[in-house]
Amino acid sequence: MGWLVSADLVAGAEGGRVGSPGSVNAVVTYRRCALTARRRDWLDQSDHVPEQVSACFWEEVSTVQTHCPTALFDGAEALADAILYEGYLLYPYRRSSVKNRVRWQFGVLVPPAWGEAHGLVDSSVAGSAESSWQQTECLMEAQDTAIVRIRLRFLHLQRKVTERRTTDGGYRPVDRIEVGGRTELSFDEAVPREFDIEAPVGDLRPGRRFHVCVPGGEDVEPLVDDRGEPLGRVVRRRWPLSASVAVSAVPSPAPFRLLRLAVRVENTDRTTPADSPRDEALRCCLLAAHTLCTVSRGRFLSLLDPPEWAAQAARECSNVHTFPVLAGAPGTADVVLSAPIILYDHPRIAPESPGDLHDATEIDEILSLRTLTLSDAEKREARATDPRAAAILDRVDAMPPEVLERLHGAIRSLEPVHQPGDSAAGLERARSGFGTDVGITPATETVLVAGTLLSRGSRVRLRPRRRGTDAHDMFLEGRTGRVEQVLLDIDGTRFLAVTVDDDPGAELHQWYGRLRHFRPEEVEPLPGEVEAR
């Protein structure tokens, strides 16, 4: 099996798949061809991969590949694009903004020697931790003849440098160029890359390793003055990338047929000096790396809410710097998105959102309104910073009032808070809990759990629910903590506000009031009590 850049791109030696609309320098699709045994032997014996196959994607054991439909992938790629560009450029979208000076915060796979030299040995699930590799493990039910398809996606750094023409006909780098009312700034952009793997489940039993090679490249855009005389140029440079993808599908202990699909993506660059500064190392990094997986004639199991018979197998899955969730429409289980940002199962982009603002944790309405308040000078700088920033400004400036109004809020579902015929006592009790007339405060309130009265200072073991709660809470399973408050909401539901033991920021969280909240059924009482602080 192989992925070779099509013949019309050999001269440019530019590899990648067409990105989303508005993406920077998104280029060519790959065409598929099968590597014959003879061609495979030639590659094995060659010390140099020639230009015509320099942008390639091959397998250690050659396999003829069947057609790879992309409909399932395409259905999840709107969400995957939000992951790809999360934090790419933040409001106010200007290069001079402090928060746009340190970039690339999620899914950064660094050259291994550089990572080792800088002590990047973290093996947690945190996608914000830089490492030379990431690992996905998820569960699937499928026969050996089922086809697994994996799409690796990441950003490839592209350094934009503005250069002014000198009197001797040469060029020298400058910070910015003004030409014809247009401003160009030196800045780092990125090109989206995609690579597909396809294999029968049976072929993945022994494990397979695939190699990804993306060549460097350079694009030059001349800049001329009003008379057509050359004034300077914009040079966009990319450096070669190399990576490997190891895939396996092995049986997982369970009462029914169950497989653990493992996908390990690793940066294999050997050209970056270990003592390079981060800005230089980023040139050979995979940025915002994540994977999409599908299976034909099979299904994936949720790791957040597995069936009881697969719960132990789900706990044994080891996910490092990424976490897989079911993607696609609710009720489906044939697509998994493994991302460096932890999501819920079946996440989706809000239908009211008119476009990406590169900050999915923020509210579209707030960002849009604040973008409208930028001064003309700020907008000029933002447009000169990056084409994606310019696209955001254009979209917000042209946004009709009815579209902006939809961003104000939406009701997804309606149900009565108070059922007809029910006693109003509980509701009145909940409301009175917020007042001082009944003497109830979070510091003095109590709740009965498993025959034990819990209050401030009580010790508990955390057992977070798998559904209907914060996805990050699952990483606190089994941890112990201290009850700081017993809270009562307007519906009469009690919550325990807890600080987690061994949390280095516990005292700060306690002082600031940033506590973790659990329902009474999500904790187990423990003997002993911590003295109130």
# chains A, B, ... in the order shown; residues from 1 in each chain; ligands from 1
call {"tool": "select_by_dssp", "arguments": {"residues": "stretch 222-388 of chain A", "states": "alpha helix (DSSP H)", "output": "PyMOL selection string"}}
result
chain A and resi 278-281+311-315+364-372+376-385+387-388
call {"tool": "select_by_dssp", "arguments": {"residues": "stretch 338-483 of chain A", "states": "strand (DSSP E or B)", "output": "PyMOL selection string"}}
result
chain A and resi 338-339+447-449+452-454+458-462+480-483
call {"tool": "atom_distance", "arguments": {"atom1": "atom CA of A:Leu72", "atom2": "atom CA of A:Glu266"}}
result
25.0 Å
call {"tool": "closest_atom_pairs", "arguments": {"of": "stretch 61-135 of chain A", "to": "stretch 148-167 of chain A", "cutoff": "9 Å", "atoms": "only C-alpha atoms", "output": "JSON lines"}}
result
{"residue": "A:Cys68", "atom": "CA", "partner": "A:Arg149", "partner_atom": "CA", "distance": 7.6}
{"residue": "A:Phe73", "atom": "CA", "partner": "A:Arg151", "partner_atom": "CA", "distance": 8.0}
{"residue": "A:Ala80", "atom": "CA", "partner": "A:Arg153", "partner_atom": "CA", "distance": 8.7}
{"residue": "A:Leu84", "atom": "CA", "partner": "A:Phe154", "partner_atom": "CA", "distance": 6.7}
{"residue": "A:Tyr85", "atom": "CA", "partner": "A:Leu155", "partner_atom": "CA", "distance": 8.5}
{"residue": "A:Gly107", "atom": "CA", "partner": "A:Phe154", "partner_atom": "CA", "distance": 8.5}
call {"tool": "closest_residue", "arguments": {"among": "A:Thr493, A:Ser302, A:Asn267, A:Thr373", "to": "A:Val447", "atoms": "only C-alpha atoms"}}
result
A:Thr493
call {"tool": "closest_residue", "arguments": {"among": "A:Arg482, A:His517, A:His472, A:Arg172", "to": "A:Tyr344", "atoms": "only C-alpha atoms"}}
result
A:His472
call {"tool": "residues_around", "arguments": {"residues": "stretch 129-139 of chain A", "least_positions_apart": "4", "cutoff": "6 Å", "atoms": "only C-alpha atoms", "output": "PDB file with C-alpha atoms, in the first residue's frame"}}
result
ATOM      1  CA  VAL A 108       2.395  19.165  19.982  1.00  0.00           C
ATOM      2  CA  LEU A 109       4.567  16.162  19.041  1.00  0.00           C
ATOM      3  CA  VAL A 110       8.197  17.266  19.264  1.00  0.00           C
ATOM      4  CA  PRO A 111      11.380  15.698  17.823  1.00  0.00           C
ATOM      5  CA  PRO A 112      12.395  12.910  20.247  1.00  0.00           C
ATOM      6  CA  LEU A 120       9.456  16.153  28.297  1.00  0.00           C
ATOM      7  CA  LEU A 259     -10.667  -5.823  20.691  1.00  0.00           C
ATOM      8  CA  ARG A 260      -8.425  -3.046  21.918  1.00  0.00           C
ATOM      9  CA  LEU A 261      -7.410  -0.802  19.028  1.00  0.00           C
ATOM     10  CA  ALA A 262      -4.149   1.019  19.738  1.00  0.00           C
ATOM     11  CA  VAL A 263      -2.802   3.892  17.626  1.00  0.00           C
ATOM     12  CA  ARG A 264       0.559   5.385  18.575  1.00  0.00           C
ATOM     13  CA  VAL A 265       1.723   8.469  16.662  1.00  0.00           C
ATOM     14  CA  GLU A 266       5.374   9.372  17.056  1.00  0.00           C
ATOM     15  CA  ASN A 267       7.560  12.174  15.747  1.00  0.00           C
ATOM     16  CA  PHE A 300     -16.657   1.213  19.100  1.00  0.00           C
ATOM     17  CA  LEU A 301     -17.485   1.261  22.814  1.00  0.00           C
ATOM     18  CA  CYS A 317      -7.039   1.366  28.095  1.00  0.00           C
ATOM     19  CA  SER A 318      -3.994   3.620  28.263  1.00  0.00           C
ATOM     20  CA  ASN A 319      -4.405   6.985  26.564  1.00  0.00           C
ATOM     21  CA  VAL A 320      -1.449   9.351  26.578  1.00  0.00           C
ATOM     22  CA  HIS A 321      -1.715  13.023  25.523  1.00  0.00           C
TER      23      HIS A 321
END
call {"tool": "residues_around", "arguments": {"residues": "A:Arg406", "least_positions_apart": "4", "cutoff": "8 Å", "atoms": "only C-alpha atoms", "output": "VMD selection string"}}
result
chain A and resid 352 402 410
call {"tool": "atom_distance", "arguments": {"atom1": "atom CA of A:Leu292", "atom2": "atom CA of A:Ser338"}}
result
6.3 Å
call {"tool": "closest_residue", "arguments": {"among": "A:Val191, A:Leu374, A:Ala333, A:Leu204", "to": "A:Arg283", "atoms": "only C-alpha atoms"}}
result
A:Val191
call {"tool": "atom_distance", "arguments": {"atom1": "atom CA of A:Pro442", "atom2": "atom CA of A:Asp502"}}
result
23.4 Å
call {"tool": "residues_around", "arguments": {"residues": "A:Gln312", "least_positions_apart": "5", "cutoff": "12 Å", "atoms": "only C-alpha atoms", "output": "VMD selection string"}}
result
chain A and resid 139 252 to 255 258 303 305 to 307 317
call {"tool": "residues_around", "arguments": {"residues": "stretch 464-466 of chain A", "least_positions_apart": "3", "cutoff": "8 Å", "atoms": "only C-alpha atoms", "output": "CSV table (one decimal) with C-alpha atoms, in the first residue's frame"}}
result
chain,number,residue,atom,x,y,z
A,304,LEU,CA,-16.7,7.3,29.3
A,305,ASP,CA,-19.8,5.1,29.6
A,469,THR,CA,-21.0,15.1,34.4
A,471,ALA,CA,-15.6,14.4,31.4
A,473,ASP,CA,-14.0,14.0,36.6
A,474,MET,CA,-13.2,10.4,35.5
A,476,LEU,CA,-10.5,11.6,39.9
A,477,GLU,CA,-11.9,8.1,40.3
A,518,PHE,CA,-20.1,16.1,43.2
A,522,GLU,CA,-20.7,10.2,43.7
A,523,VAL,CA,-18.8,10.0,47.0
call {"tool": "residues_around", "arguments": {"residues": "A:Leu526", "least_positions_apart": "4", "cutoff": "8 Å", "atoms": "only C-alpha atoms", "output": "list of chain:residue names"}}
result
A:Ser458, A:Arg459, A:Val460, A:Arg461
call {"tool": "decode", "arguments": {"residues": "stretch 282-310 of chain A", "atoms": "N, CA, C and O atoms", "output": "mmCIF file, in the first residue's frame"}}
result
data_model
loop_
_atom_site.group_PDB
_atom_site.id
_atom_site.type_symbol
_atom_site.label_atom_id
_atom_site.label_comp_id
_atom_site.auth_asym_id
_atom_site.auth_seq_id
_atom_site.Cartn_x
_atom_site.Cartn_y
_atom_site.Cartn_z
ATOM 1 N N LEU A 282 9.809 23.812 16.668
ATOM 2 C CA LEU A 282 8.439 23.749 16.160
ATOM 3 C C LEU A 282 8.393 23.513 14.655
ATOM 4 O O LEU A 282 7.395 23.010 14.134
ATOM 5 N N ARG A 283 9.465 23.858 13.951
ATOM 6 C CA ARG A 283 9.473 23.684 12.503
ATOM 7 C C ARG A 283 9.332 22.221 12.113
ATOM 8 O O ARG A 283 8.862 21.907 11.022
ATOM 9 N N CYS A 284 9.766 21.307 13.004
ATOM 10 C CA CYS A 284 9.706 19.871 12.702
ATOM 11 C C CYS A 284 8.763 19.137 13.647
ATOM 12 O O CYS A 284 8.925 17.942 13.911
ATOM 13 N N CYS A 285 7.770 19.856 14.170
ATOM 14 C CA CYS A 285 6.773 19.265 15.067
ATOM 15 C C CYS A 285 5.473 18.991 14.331
ATOM 16 O O CYS A 285 5.126 19.674 13.358
ATOM 17 N N LEU A 286 4.734 17.988 14.801
ATOM 18 C CA LEU A 286 3.343 17.808 14.408
ATOM 19 C C LEU A 286 2.524 18.621 15.403
ATOM 20 O O LEU A 286 2.614 18.404 16.623
ATOM 21 N N LEU A 287 1.728 19.557 14.919
ATOM 22 C CA LEU A 287 0.983 20.466 15.785
ATOM 23 C C LEU A 287 -0.499 20.090 15.791
ATOM 24 O O LEU A 287 -1.064 19.771 14.745
ATOM 25 N N ALA A 288 -1.114 20.142 16.968
ATOM 26 C CA ALA A 288 -2.541 19.808 17.121
ATOM 27 C C ALA A 288 -2.842 18.423 16.566
ATOM 28 O O ALA A 288 -3.891 18.196 15.955
ATOM 29 N N ALA A 289 -1.949 17.470 16.776
ATOM 30 C CA ALA A 289 -2.095 16.125 16.216
ATOM 31 C C ALA A 289 -3.284 15.406 16.851
ATOM 32 O O ALA A 289 -3.472 15.422 18.068
ATOM 33 N N HIS A 290 -4.078 14.760 16.011
ATOM 34 C CA HIS A 290 -5.216 13.976 16.480
ATOM 35 C C HIS A 290 -5.585 12.951 15.421
ATOM 36 O O HIS A 290 -5.111 13.024 14.281
ATOM 37 N N THR A 291 -6.418 11.987 15.772
ATOM 38 C CA THR A 291 -6.795 10.929 14.838
ATOM 39 C C THR A 291 -8.302 10.728 14.828
ATOM 40 O O THR A 291 -8.994 10.952 15.826
ATOM 41 N N LEU A 292 -8.785 10.306 13.667
ATOM 42 C CA LEU A 292 -10.155 9.847 13.491
ATOM 43 C C LEU A 292 -10.102 8.377 13.108
ATOM 44 O O LEU A 292 -9.262 7.976 12.298
ATOM 45 N N CYS A 293 -10.970 7.550 13.683
ATOM 46 C CA CYS A 293 -10.999 6.120 13.384
ATOM 47 C C CYS A 293 -12.421 5.699 13.031
ATOM 48 O O CYS A 293 -13.384 6.163 13.652
ATOM 49 N N THR A 294 -12.556 4.824 12.050
ATOM 50 C CA THR A 294 -13.846 4.219 11.729
ATOM 51 C C THR A 294 -13.641 2.718 11.584
ATOM 52 O O THR A 294 -12.528 2.242 11.351
ATOM 53 N N VAL A 295 -14.724 1.984 11.715
ATOM 54 C CA VAL A 295 -14.687 0.542 11.502
ATOM 55 C C VAL A 295 -15.951 0.142 10.748
ATOM 56 O O VAL A 295 -17.051 0.594 11.068
ATOM 57 N N SER A 296 -15.774 -0.667 9.705
ATOM 58 C CA SER A 296 -16.920 -1.174 8.959
ATOM 59 C C SER A 296 -17.412 -2.464 9.610
ATOM 60 O O SER A 296 -16.621 -3.251 10.140
ATOM 61 N N ARG A 297 -18.711 -2.682 9.575
ATOM 62 C CA ARG A 297 -19.312 -3.900 10.144
ATOM 63 C C ARG A 297 -18.824 -4.136 11.580
ATOM 64 O O ARG A 297 -18.454 -5.245 11.973
ATOM 65 N N GLY A 298 -18.828 -3.076 12.346
ATOM 66 C CA GLY A 298 -18.430 -3.165 13.738
ATOM 67 C C GLY A 298 -18.819 -1.909 14.476
ATOM 68 O O GLY A 298 -19.475 -1.018 13.919
ATOM 69 N N ARG A 299 -18.431 -1.813 15.732
ATOM 70 C CA ARG A 299 -18.736 -0.612 16.509
ATOM 71 C C ARG A 299 -17.678 -0.414 17.580
ATOM 72 O O ARG A 299 -17.019 -1.357 18.026
ATOM 73 N N PHE A 300 -17.531 0.860 17.995
ATOM 74 C CA PHE A 300 -16.657 1.213 19.100
ATOM 75 C C PHE A 300 -17.487 1.297 20.387
ATOM 76 O O PHE A 300 -18.697 1.560 20.347
ATOM 77 N N LEU A 301 -16.839 1.097 21.513
ATOM 78 C CA LEU A 301 -17.485 1.261 22.814
ATOM 79 C C LEU A 301 -16.993 2.549 23.458
ATOM 80 O O LEU A 301 -15.829 2.903 23.334
ATOM 81 N N SER A 302 -17.889 3.215 24.146
ATOM 82 C CA SER A 302 -17.523 4.437 24.854
ATOM 83 C C SER A 302 -16.620 4.111 26.033
ATOM 84 O O SER A 302 -16.893 3.186 26.809
ATOM 85 N N LEU A 303 -15.532 4.861 26.186
ATOM 86 C CA LEU A 303 -14.706 4.731 27.385
ATOM 87 C C LEU A 303 -15.269 5.550 28.539
ATOM 88 O O LEU A 303 -14.936 5.296 29.701
ATOM 89 N N LEU A 304 -16.112 6.520 28.226
ATOM 90 C CA LEU A 304 -16.735 7.332 29.278
ATOM 91 C C LEU A 304 -17.923 6.611 29.893
ATOM 92 O O LEU A 304 -18.210 6.778 31.086
ATOM 93 N N ASP A 305 -18.639 5.833 29.084
ATOM 94 C CA ASP A 305 -19.832 5.130 29.557
ATOM 95 C C ASP A 305 -19.879 3.733 28.947
ATOM 96 O O ASP A 305 -20.769 3.422 28.157
ATOM 97 N N PRO A 306 -18.921 2.861 29.299
ATOM 98 C CA PRO A 306 -18.888 1.519 28.700
ATOM 99 C C PRO A 306 -19.986 0.640 29.289
ATOM 100 O O PRO A 306 -20.454 0.871 30.413
ATOM 101 N N PRO A 307 -20.420 -0.390 28.554
ATOM 102 C CA PRO A 307 -21.333 -1.353 29.175
ATOM 103 C C PRO A 307 -20.629 -2.033 30.342
ATOM 104 O O PRO A 307 -19.399 -2.129 30.377
ATOM 105 N N GLU A 308 -21.408 -2.543 31.286
ATOM 106 C CA GLU A 308 -20.827 -3.094 32.504
ATOM 107 C C GLU A 308 -19.836 -4.212 32.202
ATOM 108 O O GLU A 308 -18.789 -4.316 32.851
ATOM 109 N N TRP A 309 -20.142 -5.030 31.199
ATOM 110 C CA TRP A 309 -19.267 -6.169 30.903
ATOM 111 C C TRP A 309 -17.913 -5.735 30.340
ATOM 112 O O TRP A 309 -16.952 -6.515 30.347
ATOM 113 N N ALA A 310 -17.820 -4.482 29.858
ATOM 114 C CA ALA A 310 -16.564 -3.983 29.288
ATOM 115 C C ALA A 310 -15.915 -2.920 30.168
ATOM 116 O O ALA A 310 -14.927 -2.305 29.759
#
